[in-house]
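Quick notes on the structure that follows.
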Amino acid sequence: MEDVTDTVFRALVASRFAPDVFMSEFINAREYFHKKRKFARQRAHIDGAETYRPLVVQIWGNDPEAYRKVIPILLETGFDGIDINMGCPAEKVVRRGECSGLIDRPSLAKELILAAREAAGAKPVSVKTRIGVKAVKVEEWAGMLLELDLPVLTIHGRIAIQMSEGEADWGAVRRVRELRDQMGKGTLIVGNGDLFAGEDLDRRYAETGVDGLMVGRGIFRDLDIFRRDRPHQSFETADWSQRRTVMVRHIEEHRRVWGGVKGFDMLKSFFKVYTRGPEEYLPLREKLFQSRTYEEALALIAAFR
Ligand SMILES: Cc1cc2nc3c(=O)[nH]c(=O)nc-3n(C[C@H](O)[C@H](O)[C@H](O)COP(=O)(O)O)c2cc1C
């Protein structure tokens, strides 16, 4: 997730309860080579302290040539596989036939997958997508993708124009899994959408028979959402010492890896995660929101309690 699953946050999540697979922020294949725009290259950075694997890099764009060029470089960087984003709903990219826009351009989608596969060699190439652009067309679209024998297909149960609104349609996710079974394909189906708590993961897994689940915004509700033991204990139950450890680690690692490169303010959405739950943490949350430097935030945490 953009501005969320960077190398620092991934390592931090892995230090508590890791998912089976991590995925990078999405990286624009063409932008990677742009001399001045550095976002794509920053997003592809894997810090030496991040050791948990497998780690998949997600790319996007509508240019097969750019895929052919960027994929070998990304794999060389240390990623274990490539995922193609066919799900981002931003209007501008959809109009250009990128991301969700590929749902209505199946031949270009296929060309991109084949180009990626050629460039990735033995490494896997998967796809993450939605169930339509303006209307649900799940069988037609997923059917075409399944024909390509992808190792993994992630389905976010919304159409593009929904953005993140309304509820994810897990019936549609289930239909993709059923279609996979009918077609006799080996593609692993991963469901995505509104998995906000450990219980949501259990329920959707049981209801749909998917092979895996992808958590998006749920990581902001519960840092420990990937915890496997049941009954699920969310991060809200973490004591002060655990919270302090997580916050100090995130701030220090962000400063070490990104200091002077990415802004401090990026950390603020995470402070909200780390102070969730008991009201006693609210004053600290408010102060952290107003802080402006790594040092100031660390001093606030040291002074709390
Ligand atoms: C801040 C933010 C950044 C995101 N960045 C990406 C991304 O880079 N690649 C991607 O496939 N989806 C991205 N998404 C979408 C999520 O992966 C997910 O598909 C969507 O939020 C629905 O799942 P959820 O309800 O579990 O959040 C992003 C979502 C958010 C909120």
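Labels used: A, B, ... for chains in the order of the structure tokens, numbers from 1 for residues in each chain, and numbers from 1 for ligands as shown.
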
At a cut-off of 6 Å and counting only C-alpha atoms and all ligand atoms, what residues surround ligand 1? Please answer as a short mmCIF file (atom, residue, chain, number, x, y, z; two decimals) with N, CA, C and O atoms, in the first residue's frame.
data_model
loop_
_atom_site.label_atom_id
_atom_site.label_comp_id
_atom_site.auth_asym_id
_atom_site.auth_seq_id
_atom_site.Cartn_x
_atom_site.Cartn_y
_atom_site.Cartn_z
N MET A 1 0.84 -1.19 0.00
CA MET A 1 0.00 0.00 0.00
C MET A 1 0.88 1.25 0.00
O MET A 1 1.83 1.34 0.78
N GLU A 2 0.50 2.15 -0.86
CA GLU A 2 1.25 3.39 -1.04
C GLU A 2 1.45 4.13 0.28
O GLU A 2 0.48 4.35 1.03
N GLU A 25 4.79 -1.24 -1.88
CA GLU A 25 3.91 -0.20 -2.42
C GLU A 25 3.91 -0.37 -3.94
O GLU A 25 4.85 -0.95 -4.51
N PHE A 26 2.91 0.13 -4.63
CA PHE A 26 2.93 -0.04 -6.08
C PHE A 26 3.95 0.91 -6.73
O PHE A 26 4.19 2.02 -6.27
N ASN A 85 -0.60 -4.51 -10.67
CA ASN A 85 -1.78 -3.82 -10.14
C ASN A 85 -2.78 -3.57 -11.27
O ASN A 85 -2.51 -2.78 -12.17
N HIS A 156 -10.14 -7.92 -5.21
CA HIS A 156 -10.77 -6.97 -4.30
C HIS A 156 -12.23 -6.87 -4.74
O HIS A 156 -12.51 -6.48 -5.87
N ASN A 192 -9.83 -9.95 -1.02
CA ASN A 192 -9.45 -8.69 -0.39
C ASN A 192 -10.68 -7.77 -0.27
O ASN A 192 -11.53 -7.77 -1.15
N GLY A 193 -10.72 -7.04 0.82
CA GLY A 193 -11.78 -6.05 1.02
C GLY A 193 -12.40 -6.13 2.39
O GLY A 193 -12.97 -7.14 2.77
N ASP A 194 -12.22 -5.04 3.17
CA ASP A 194 -12.88 -4.90 4.47
C ASP A 194 -12.49 -5.96 5.50
O ASP A 194 -13.31 -6.36 6.32
N LEU A 195 -11.27 -6.42 5.45
CA LEU A 195 -10.80 -7.35 6.50
C LEU A 195 -10.19 -6.49 7.59
O LEU A 195 -9.04 -6.07 7.50
N VAL A 215 -4.82 -8.26 3.44
CA VAL A 215 -5.27 -7.20 4.35
C VAL A 215 -4.79 -5.85 3.82
O VAL A 215 -3.62 -5.70 3.45
N GLY A 216 -5.70 -4.89 3.75
CA GLY A 216 -5.33 -3.53 3.35
C GLY A 216 -5.42 -2.60 4.56
O GLY A 216 -4.56 -2.63 5.45
N ARG A 217 -6.51 -1.84 4.61
CA ARG A 217 -6.66 -0.85 5.69
C ARG A 217 -6.72 -1.49 7.07
O ARG A 217 -6.54 -0.79 8.07
N GLY A 218 -6.99 -2.78 7.13
CA GLY A 218 -7.10 -3.45 8.42
C GLY A 218 -5.85 -3.30 9.28
O GLY A 218 -5.92 -3.32 10.51
#

Got a sec to tell me which of stretch 11-89 of chain A DSSP assigns to helix (DSSP H, G or I), as number ranges by chain? A: 11-16, 31-33, 39-43, 64-77

Surrounding residues of A:Arg177 excluding itself and chain neighbours under 5 positions, 9 Å, only C-alpha atoms, as a PyMOL selection string: chain A and resi 172+182+188-190+208-211

Can I get the selection written as a compact mmCIF listing (two decimals), in the first residue's frame, with N, CA, C and O atoms?
# COMPACT_ATOMS: atom_id res chain seq x y z
N ALA A 172 -18.81 -12.27 -4.86
CA ALA A 172 -18.08 -12.23 -6.14
C ALA A 172 -16.71 -12.89 -5.98
O ALA A 172 -16.24 -13.59 -6.87
N GLN A 182 -14.04 -24.82 -11.38
CA GLN A 182 -14.70 -25.35 -12.61
C GLN A 182 -13.72 -25.47 -13.75
O GLN A 182 -13.77 -26.41 -14.54
N LEU A 188 -4.01 -19.78 -7.23
CA LEU A 188 -4.46 -19.54 -5.85
C LEU A 188 -5.28 -18.25 -5.84
O LEU A 188 -4.85 -17.23 -6.39
N ILE A 189 -6.46 -18.31 -5.24
CA ILE A 189 -7.33 -17.12 -5.19
C ILE A 189 -7.20 -16.47 -3.81
O ILE A 189 -7.37 -17.13 -2.78
N VAL A 190 -6.90 -15.19 -3.85
CA VAL A 190 -6.76 -14.41 -2.61
C VAL A 190 -7.87 -13.36 -2.60
O VAL A 190 -8.05 -12.64 -3.58
N THR A 208 -15.80 -18.46 1.82
CA THR A 208 -15.52 -18.38 0.39
C THR A 208 -14.64 -19.51 -0.14
O THR A 208 -14.60 -19.72 -1.34
N GLY A 209 -13.93 -20.17 0.75
CA GLY A 209 -13.02 -21.23 0.30
C GLY A 209 -11.84 -20.69 -0.50
O GLY A 209 -11.25 -21.43 -1.29
N VAL A 210 -11.49 -19.43 -0.29
CA VAL A 210 -10.32 -18.89 -0.99
C VAL A 210 -9.05 -19.50 -0.40
O VAL A 210 -9.07 -20.11 0.67
N ASP A 211 -7.95 -19.31 -1.10
CA ASP A 211 -6.68 -19.85 -0.63
C ASP A 211 -5.95 -18.89 0.29
O ASP A 211 -5.09 -19.29 1.06

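With only C-alpha atoms taken into account, the protein and nucleic acid residues at most 7 Å from A:Arg130 (excluding it and anything under 4 positions from it in its own chain) are Gly87, Ser100, Ile155, His156, Gly157, Arg158, Ile159 and Ala160 of chain A.
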
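Using only C-alpha atoms, the shortest contact distance between A:Phe79 and any of A:Trp60, A:Tyr274, A:Tyr67, A:Phe22 is found at A:Phe22.
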
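Coordinates place atom CA of A:Gly212 at a distance of 15.1 Å from atom CA of A:Phe196.
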